Amino acid sequence: MDKLCCFGASQLGGGRSSSSSGKGKNQEGLIKYGFNLIKGKANHPMEDYHVAKFVHIQEYELGLFAIYDGHLGDSVPSYLQKHLFRNILKEEGFWTDPGRAISKAYERTDQAILSHNPDLGRGGSTAVTAILINGQRLWVANVGDSRAVLSRGGQAIQMSIDHEPNTERGSIENKGGFVSNMPGDVPRVNGQLAVSRAFGDKSLKSHLRSDPDVQNCIIDNSTDILILASDGLWKVVSNQEAVDIARRIKDPMKAAKQLIAEALERDSKDDISCVVVRFTG
């Protein structure tokens with residue numbers, strides 16, 4: 001991900017090749033998912049990671065889905081892939097107050113990343129996570145500009161909030177930072193980072209936030225598609241366009257591939273990662 005402008009210079013999913021894809025379904029076979037990740041045109045290794053799986057804990061079936069879009073290396077998104085869901089699920093009170101537990105786990109995970117510095121380097125990552133509980137309730141959280149979009153009766157509903165420097169300028173300036181379009185043409189925190197919330201980024205952390213926005217909803221009969229993707233998709237494909245494309249293709253892995261193909265056709269140059277969950281048929 002080209003989030004950062006520098007001066008001068010498994011079961012858990014993922015995959016370090018230039019592209020990877022896969023699919024699965026829940027135990028009853030009614031909810032299916034597919035994913036696809038493609039390396040962008042930038043001259044650095046792939047920095048996107050994902051999670052897509054169903055797990056059983058106690059009497060619950062959980063669908064765990066995530067996109068982690070890294071910058072300045074892949075150490076932070078790789079760490080998130082291994083640890084963020086684990087930290088959420090072991091957070092006290094997850095089963096009684098999932099929203100609070102998710103927020104606390106995001107913050108604790110960021111503290112762990114910062115305390116591992118310099119082992120994890122100076123990089124950072126966005127995150128968008130979705131937890132589906134018994135196929136009935138969905139909890140979505142995010143920091144940065146990786147996005148979750150739900151389709152209800154074919155209507156796109158954004159379930160995450162893009163954390164961009166211009167929209168959170170007040171918070172950044174209150175912490176002593178600034179937002180500048182120089183260098184380049186994108187608003188950046190201290191002229192460097194194109195998101196206002198992220199995991200890691202130790203050198204900028206005093207001016208950044210890592211607390212997530214958390215939303216939840218009931219999955220009803222009209223809910224048909226969930227799309228999680230990095231900004232390599234959302235820069236060039238609107239929420240409604242993405243939903244329209246994904247709904248037309250029954251196989252969610254093929255739907256994820258088609259969404260990425262559409263982004264490439266529109267000249268997206270970033271790493272692009274996409275998870276599609278299909279709730280019906």
# chains A, B, ... in the order shown; residues from 1 in each chain; ligands from 1

call {"tool": "select_by_dssp", "arguments": {"residues": "stretch 5-238 of chain A", "states": "strand (DSSP E)", "output": "ChimeraX atom specification"}}
result
/A:19-25,32-38,48-57,60-71,124-125,127-133,137-143,147-152,155-158,179-180,188-189,199-200,213-218,223-229

call {"tool": "residues_around", "arguments": {"residues": "stretch 67-72 of chain A", "least_positions_apart": "4", "cutoff": "7 Å", "atoms": "only C-alpha atoms", "output": "list of chain:residue names"}}
result
A:Met1, A:Asp2, A:Lys3, A:Leu4, A:Glu47, A:Asp48, A:Tyr49, A:His50, A:Val51, A:Val76, A:Pro77, A:Arg122, A:Gly123, A:Gly124, A:Ser125, A:Thr126, A:Ala127, A:Val128, A:Thr129, A:Ser146, A:Leu228, A:Ala229, A:Ser230, A:Ser273

call {"tool": "closest_atom_pairs", "arguments": {"of": "stretch 198-261 of chain A", "to": "stretch 86-108 of chain A", "cutoff": "7 Å", "atoms": "only C-alpha atoms", "output": "tab-separated table"}}
result
residue	atom	partner	partner_atom	distance
A:Ser210	CA	A:Glu107	CA	6.5
A:Asp211	CA	A:Glu107	CA	6.1
A:Pro212	CA	A:Ser103	CA	6.1
A:Val214	CA	A:Gly99	CA	6.3

call {"tool": "select_by_dssp", "arguments": {"residues": "stretch 168-263 of chain A", "states": "helix (DSSP H, G or I)", "output": "ChimeraX atom specification"}}
result
/A:169-174,202-207,231-234,239-247,252-263

call {"tool": "write_last_selection", "arguments": {"atoms": "C-alpha atoms", "output": "compact mmCIF listing (two decimals), in the first residue's frame"}}
result
# COMPACT_ATOMS: atom_id res chain seq x y z
CA ARG A 169 -7.73 17.38 10.80
CA GLY A 170 -8.94 18.80 14.12
CA SER A 171 -7.79 15.77 16.09
CA ILE A 172 -4.40 15.75 14.33
CA GLU A 173 -3.81 19.47 14.92
CA ASN A 174 -4.92 19.20 18.56
CA LYS A 202 5.60 4.80 15.87
CA SER A 203 7.24 7.95 14.51
CA LEU A 204 3.81 9.51 13.84
CA LYS A 205 1.84 7.92 16.68
CA SER A 206 1.68 11.05 18.82
CA HIS A 207 -0.42 12.63 16.05
CA ASP A 231 -8.45 1.15 -0.75
CA GLY A 232 -6.91 -0.18 -3.96
CA LEU A 233 -10.50 -1.16 -4.80
CA TRP A 234 -12.41 1.72 -3.23
CA ASN A 239 -19.79 1.00 -2.90
CA GLN A 240 -22.87 0.46 -5.06
CA GLU A 241 -20.84 -0.61 -8.09
CA ALA A 242 -19.01 -3.17 -5.95
CA VAL A 243 -22.29 -4.56 -4.60
CA ASP A 244 -23.80 -4.74 -8.10
CA ILE A 245 -20.78 -6.67 -9.42
CA ALA A 246 -20.60 -9.05 -6.45
CA ARG A 247 -24.33 -9.85 -6.46
CA PRO A 252 -17.79 -15.36 -3.91
CA MET A 253 -14.17 -16.09 -4.91
CA LYS A 254 -15.03 -15.32 -8.54
CA ALA A 255 -16.84 -12.20 -7.32
CA ALA A 256 -13.70 -11.06 -5.44
CA LYS A 257 -11.61 -11.71 -8.56
CA GLN A 258 -14.05 -9.76 -10.72
CA LEU A 259 -13.99 -6.79 -8.35
CA ILE A 260 -10.21 -6.69 -8.51
CA ALA A 261 -10.27 -7.08 -12.31
CA GLU A 262 -12.60 -4.09 -12.47
CA ALA A 263 -10.24 -2.03 -10.29

call {"tool": "residues_around", "arguments": {"residues": "A:Leu37", "least_positions_apart": "6", "cutoff": "7 Å", "atoms": "only C-alpha atoms", "output": "NGL selection string"}}
result
:A and (19-21 or 272-274)

call {"tool": "write_last_selection", "arguments": {"atoms": "N, CA and C atoms", "output": "mmCIF file, in the first residue's frame"}}
result
data_model
loop_
_atom_site.group_PDB
_atom_site.id
_atom_site.type_symbol
_atom_site.label_atom_id
_atom_site.label_comp_id
_atom_site.auth_asym_id
_atom_site.auth_seq_id
_atom_site.Cartn_x
_atom_site.Cartn_y
_atom_site.Cartn_z
ATOM 1 N N SER A 19 -0.148 -12.955 -6.120
ATOM 2 C CA SER A 19 -1.599 -13.049 -6.000
ATOM 3 C C SER A 19 -1.957 -14.322 -5.255
ATOM 4 N N SER A 20 -3.097 -14.302 -4.570
ATOM 5 C CA SER A 20 -3.590 -15.506 -3.917
ATOM 6 C C SER A 20 -5.104 -15.427 -3.850
ATOM 7 N N SER A 21 -5.739 -16.586 -3.805
ATOM 8 C CA SER A 21 -7.186 -16.616 -3.746
ATOM 9 C C SER A 21 -7.632 -17.900 -3.067
ATOM 10 N N ILE A 272 -4.280 -4.716 -4.066
ATOM 11 C CA ILE A 272 -5.732 -4.797 -3.910
ATOM 12 C C ILE A 272 -6.084 -6.121 -3.249
ATOM 13 N N SER A 273 -6.826 -6.043 -2.177
ATOM 14 C CA SER A 273 -7.274 -7.238 -1.453
ATOM 15 C C SER A 273 -8.783 -7.157 -1.273
ATOM 16 N N CYS A 274 -9.444 -8.302 -1.420
ATOM 17 C CA CYS A 274 -10.892 -8.305 -1.365
ATOM 18 C C CYS A 274 -11.392 -9.627 -0.793
#

call {"tool": "closest_residue", "arguments": {"among": "A:Lys41, A:His163, A:Arg152, A:His56", "to": "A:Ile133", "atoms": "only C-alpha atoms"}}
result
A:His56
